[in-house]
Amino acid sequence: HRAMAPKRAGVQVDHTSPEIEFVHEALGDASVTVQQSLGPLGDGRDATARWVWDGAAPMAQFLCEHPERVRGKTVVELGAGPGLPGIVAARLGAARVVLTDLPGELELLRSNAAKNGVAATATAAACAWGDARAVAALGRFDVVLCSDVLYGHLEATAVKLAETAHALCDETHGAVFLSYFPREKLEADTPFFWRCDALFRDPVPRDVGGCARDDEDLWFFEYTPRSAGVT
């Protein structure tokens, strides 16, 4: 199954396909292909981490349209699942990429990084949102990617996501990129945005693959910490 960079965001990813392919001219002749985990879930596994979600293609598309945002930079992806956006960042020349998810979900990330020839640049690490020890071990990054990571979480979890993204983002020149589809869970997700209002400057909407900034189907924002320098 080929998930081409969409003219319009909101790709309905095929969750029955073992692999998802992303193609963009910025990647040259070789596409990025990631495996999805279609087998039965084991105990303690996160079902959402098995698949590529709709926000991954817009995030990857944005990075391909603006490779300078990751080229030579350090990048971390939160709730990476199969890791499509982070692997695209590595292919675009990021200096270092860390693909994070829960401890039981890292093997798929490592496998997909190796499959795309970026295992030396893109590593996997456990990072539960709000885990201060894990966040401190990772350090700060130039770019934080949050692709379709919100979907009706408990308020405390949504707040921890915002705080984790802030803690990982370089205070002086870092940026957080968020791709988000409101769907029917917007009300439940608002605590994330409220916490972001306190931690970051006003979000800057970004155009993605021909989508208008006011496209209600996709919210694509760039956040910078309140302490960051003006660029």
# chains A, B, ... in the order shown; residues from 1 in each chain; ligands from 1
call {"tool": "closest_atom_pairs", "arguments": {"of": "region 98-209 of chain A", "to": "region 20-27 of chain A", "cutoff": "12 Å", "atoms": "only C-alpha atoms", "output": "JSON lines"}}
result
{"residue": "A:Asn112", "atom": "CA", "partner": "A:Ile20", "partner_atom": "CA", "distance": 10.9}
{"residue": "A:Lys115", "atom": "CA", "partner": "A:Glu21", "partner_atom": "CA", "distance": 11.9}
{"residue": "A:Asn116", "atom": "CA", "partner": "A:Glu21", "partner_atom": "CA", "distance": 10.9}
{"residue": "A:Gly209", "atom": "CA", "partner": "A:His24", "partner_atom": "CA", "distance": 10.9}
call {"tool": "residues_around", "arguments": {"residues": "region 117-124 of chain A", "least_positions_apart": "2", "cutoff": "6 Å", "atoms": "only C-alpha atoms", "output": "number ranges by chain"}}
result
A: 96-100, 106, 113-115
call {"tool": "atom_distance", "arguments": {"atom1": "CA of Ala80 (chain A)", "atom2": "CA of Ala57 (chain A)"}}
result
12.8 Å
call {"tool": "closest_residue", "arguments": {"among": "A:Val32, A:Thr164, A:Glu65, A:Thr16", "to": "Gly86 (chain A)", "atoms": "only C-alpha atoms"}}
result
A:Val32
call {"tool": "residues_around", "arguments": {"residues": "region 165-168 of chain A", "least_positions_apart": "5", "cutoff": "7 Å", "atoms": "only C-alpha atoms", "output": "VMD selection string"}}
result
chain A and resid 135 139 to 141 144 199 225
call {"tool": "write_last_selection", "arguments": {"atoms": "N, CA, C and O atoms", "output": "tab-separated table (two decimals), in the first residue's frame"}}
result
chain	number	residue	atom	x	y	z
A	135	VAL	N	12.91	11.72	30.33
A	135	VAL	CA	13.07	12.99	29.64
A	135	VAL	C	14.47	13.56	29.89
A	135	VAL	O	15.14	14.04	28.96
A	139	GLY	N	17.58	14.50	27.06
A	139	GLY	CA	18.14	15.84	26.88
A	139	GLY	C	17.25	16.72	26.03
A	139	GLY	O	16.05	16.49	25.89
A	140	ARG	N	17.85	17.77	25.44
A	140	ARG	CA	17.10	18.75	24.66
A	140	ARG	C	17.37	18.54	23.17
A	140	ARG	O	18.45	18.10	22.77
A	141	PHE	N	16.38	18.93	22.35
A	141	PHE	CA	16.47	18.73	20.91
A	141	PHE	C	16.11	20.02	20.17
A	141	PHE	O	15.36	20.86	20.67
A	144	VAL	N	11.10	18.86	17.92
A	144	VAL	CA	10.25	17.84	18.54
A	144	VAL	C	9.07	17.59	17.61
A	144	VAL	O	8.36	18.54	17.24
A	199	LEU	N	3.07	27.14	28.25
A	199	LEU	CA	4.48	26.77	28.07
A	199	LEU	C	5.12	27.35	26.82
A	199	LEU	O	6.33	27.57	26.78
A	225	PRO	N	9.17	27.55	22.62
A	225	PRO	CA	9.09	27.86	24.05
A	225	PRO	C	9.07	29.35	24.30
A	225	PRO	O	9.64	30.14	23.53
call {"tool": "select_by_dssp", "arguments": {"residues": "region 42-168 of chain A", "states": "alpha helix (DSSP H)", "output": "PyMOL selection string"}}
result
chain A and resi 56-65+84-91+106-115+132-138+155-168
call {"tool": "residues_around", "arguments": {"residues": "Ala158 (chain A)", "least_positions_apart": "3", "cutoff": "12 Å", "atoms": "only C-alpha atoms", "output": "VMD selection string"}}
result
chain A and resid 128 to 130 149 to 155 161 to 165 185 to 196
call {"tool": "write_last_selection", "arguments": {"atoms": "C-alpha atoms", "output": "PDB file, in the first residue's frame"}}
result
ATOM      1  CA  ALA A 128       6.491   7.700  28.672  1.00  0.00           C
ATOM      2  CA  TRP A 129       5.008  11.187  28.796  1.00  0.00           C
ATOM      3  CA  GLY A 130       5.679  12.763  32.156  1.00  0.00           C
ATOM      4  CA  VAL A 149      -0.508  11.775  19.261  1.00  0.00           C
ATOM      5  CA  LEU A 150      -3.730  13.221  20.687  1.00  0.00           C
ATOM      6  CA  TYR A 151      -6.950  11.255  20.724  1.00  0.00           C
ATOM      7  CA  GLY A 152      -9.198  11.653  23.735  1.00  0.00           C
ATOM      8  CA  HIS A 153      -6.561  11.023  26.378  1.00  0.00           C
ATOM      9  CA  LEU A 154      -7.233  11.572  30.039  1.00  0.00           C
ATOM     10  CA  GLU A 155      -6.585  15.173  31.042  1.00  0.00           C
ATOM     11  CA  LEU A 161       2.357  15.280  26.645  1.00  0.00           C
ATOM     12  CA  ALA A 162       2.572  19.075  26.451  1.00  0.00           C
ATOM     13  CA  GLU A 163       5.037  19.205  29.332  1.00  0.00           C
ATOM     14  CA  THR A 164       7.184  16.452  27.845  1.00  0.00           C
ATOM     15  CA  ALA A 165       7.345  18.192  24.465  1.00  0.00           C
ATOM     16  CA  LYS A 185     -12.301  14.140  20.623  1.00  0.00           C
ATOM     17  CA  LEU A 186     -11.390  17.840  20.533  1.00  0.00           C
ATOM     18  CA  GLU A 187     -13.073  18.610  23.834  1.00  0.00           C
ATOM     19  CA  ALA A 188     -11.122  15.863  25.576  1.00  0.00           C
ATOM     20  CA  ASP A 189      -7.883  17.103  23.981  1.00  0.00           C
ATOM     21  CA  THR A 190      -8.236  20.747  25.025  1.00  0.00           C
ATOM     22  CA  PRO A 191      -6.143  20.332  28.235  1.00  0.00           C
ATOM     23  CA  PHE A 192      -3.148  19.734  25.958  1.00  0.00           C
ATOM     24  CA  PHE A 193      -3.699  23.033  24.175  1.00  0.00           C
ATOM     25  CA  TRP A 194      -4.351  24.899  27.414  1.00  0.00           C
ATOM     26  CA  ARG A 195      -1.039  23.652  28.828  1.00  0.00           C
ATOM     27  CA  CYS A 196       0.720  24.577  25.584  1.00  0.00           C
TER      28      CYS A 196
END
call {"tool": "select_by_dssp", "arguments": {"residues": "region 88-207 of chain A", "states": "strand (DSSP E or B)", "output": "ChimeraX atom specification"}}
result
/A:96-101,122-126,141,143-147,169,175-180,200,204-205
call {"tool": "write_last_selection", "arguments": {"atoms": "C-alpha atoms", "output": "mmCIF file, in the first residue's frame"}}
result
data_model
loop_
_atom_site.group_PDB
_atom_site.id
_atom_site.type_symbol
_atom_site.label_atom_id
_atom_site.label_comp_id
_atom_site.auth_asym_id
_atom_site.auth_seq_id
_atom_site.Cartn_x
_atom_site.Cartn_y
_atom_site.Cartn_z
ATOM 1 C CA ARG A 96 20.490 12.671 15.195
ATOM 2 C CA VAL A 97 16.952 11.344 15.554
ATOM 3 C CA VAL A 98 15.462 9.635 18.590
ATOM 4 C CA LEU A 99 12.212 7.758 18.017
ATOM 5 C CA THR A 100 10.343 7.422 21.297
ATOM 6 C CA ASP A 101 7.403 5.388 22.495
ATOM 7 C CA ALA A 122 17.776 7.167 14.145
ATOM 8 C CA THR A 123 17.681 5.268 17.417
ATOM 9 C CA ALA A 124 14.747 4.200 19.587
ATOM 10 C CA ALA A 125 14.254 5.066 23.237
ATOM 11 C CA ALA A 126 11.511 4.639 25.791
ATOM 12 C CA PHE A 141 16.471 18.733 20.911
ATOM 13 C CA VAL A 143 13.048 19.755 16.809
ATOM 14 C CA VAL A 144 10.252 17.839 18.541
ATOM 15 C CA LEU A 145 7.750 15.988 16.327
ATOM 16 C CA CYS A 146 4.245 15.245 17.598
ATOM 17 C CA SER A 147 2.290 13.475 14.878
ATOM 18 C CA CYS A 169 12.601 21.271 23.219
ATOM 19 C CA ALA A 175 10.586 24.087 17.820
ATOM 20 C CA VAL A 176 7.743 21.641 18.301
ATOM 21 C CA PHE A 177 5.737 20.598 15.243
ATOM 22 C CA LEU A 178 2.249 19.236 15.824
ATOM 23 C CA SER A 179 -0.017 17.554 13.273
ATOM 24 C CA TYR A 180 -3.484 16.992 14.692
ATOM 25 C CA PHE A 200 4.818 28.028 24.506
ATOM 26 C CA VAL A 204 2.088 29.401 14.239
ATOM 27 C CA PRO A 205 -0.094 27.598 11.663
#
call {"tool": "residues_around", "arguments": {"residues": "Arg201 (chain A)", "least_positions_apart": "6", "cutoff": "8 Å", "atoms": "only C-alpha atoms", "output": "list in words"}}
result
Tyr223, Thr224, Pro225 and Arg226 of chain A
call {"tool": "write_last_selection", "arguments": {"atoms": "N, CA, C and O atoms", "output": "PDB file, in the first residue's frame"}}
result
ATOM      1  N   TYR A 223       5.222  25.319  17.498  1.00  0.00           N
ATOM      2  CA  TYR A 223       5.317  25.934  18.806  1.00  0.00           C
ATOM      3  C   TYR A 223       6.775  26.226  19.135  1.00  0.00           C
ATOM      4  O   TYR A 223       7.654  25.420  18.827  1.00  0.00           O
ATOM      5  N   THR A 224       7.023  27.355  19.784  1.00  0.00           N
ATOM      6  CA  THR A 224       8.354  27.638  20.315  1.00  0.00           C
ATOM      7  C   THR A 224       8.219  27.994  21.789  1.00  0.00           C
ATOM      8  O   THR A 224       7.238  28.644  22.188  1.00  0.00           O
ATOM      9  N   PRO A 225       9.169  27.552  22.618  1.00  0.00           N
ATOM     10  CA  PRO A 225       9.094  27.855  24.047  1.00  0.00           C
ATOM     11  C   PRO A 225       9.067  29.350  24.304  1.00  0.00           C
ATOM     12  O   PRO A 225       9.636  30.144  23.534  1.00  0.00           O
ATOM     13  N   ARG A 226       8.391  29.740  25.340  1.00  0.00           N
ATOM     14  CA  ARG A 226       8.302  31.168  25.670  1.00  0.00           C
ATOM     15  C   ARG A 226       9.667  31.789  25.910  1.00  0.00           C
ATOM     16  O   ARG A 226       9.845  32.986  25.739  1.00  0.00           O
TER      17      ARG A 226
END
call {"tool": "closest_residue", "arguments": {"among": "A:Val208, A:Cys64, A:Ala94, A:Val52", "to": "Val76 (chain A)", "atoms": "only C-alpha atoms"}}
result
A:Ala94
call {"tool": "residues_around", "arguments": {"residues": "Ser111 (chain A)", "least_positions_apart": "6", "cutoff": "9 Å", "atoms": "only C-alpha atoms", "output": "list in words"}}
result
Val34, Gln35, Pro82 and Ala119 of chain A
call {"tool": "write_last_selection", "arguments": {"atoms": "C-alpha atoms", "output": "PDB file, in the first residue's frame"}}
result
ATOM      1  CA  VAL A  34       7.639   1.376   7.362  1.00  0.00           C
ATOM      2  CA  GLN A  35       6.106  -1.807   8.657  1.00  0.00           C
ATOM      3  CA  PRO A  82       6.182   2.892  13.373  1.00  0.00           C
ATOM      4  CA  ALA A 119      19.784   2.965  12.012  1.00  0.00           C
TER       5      ALA A 119
END
call {"tool": "atom_distance", "arguments": {"atom1": "CA of Gly83 (chain A)", "atom2": "CA of Leu109 (chain A)"}}
result
5.9 Å
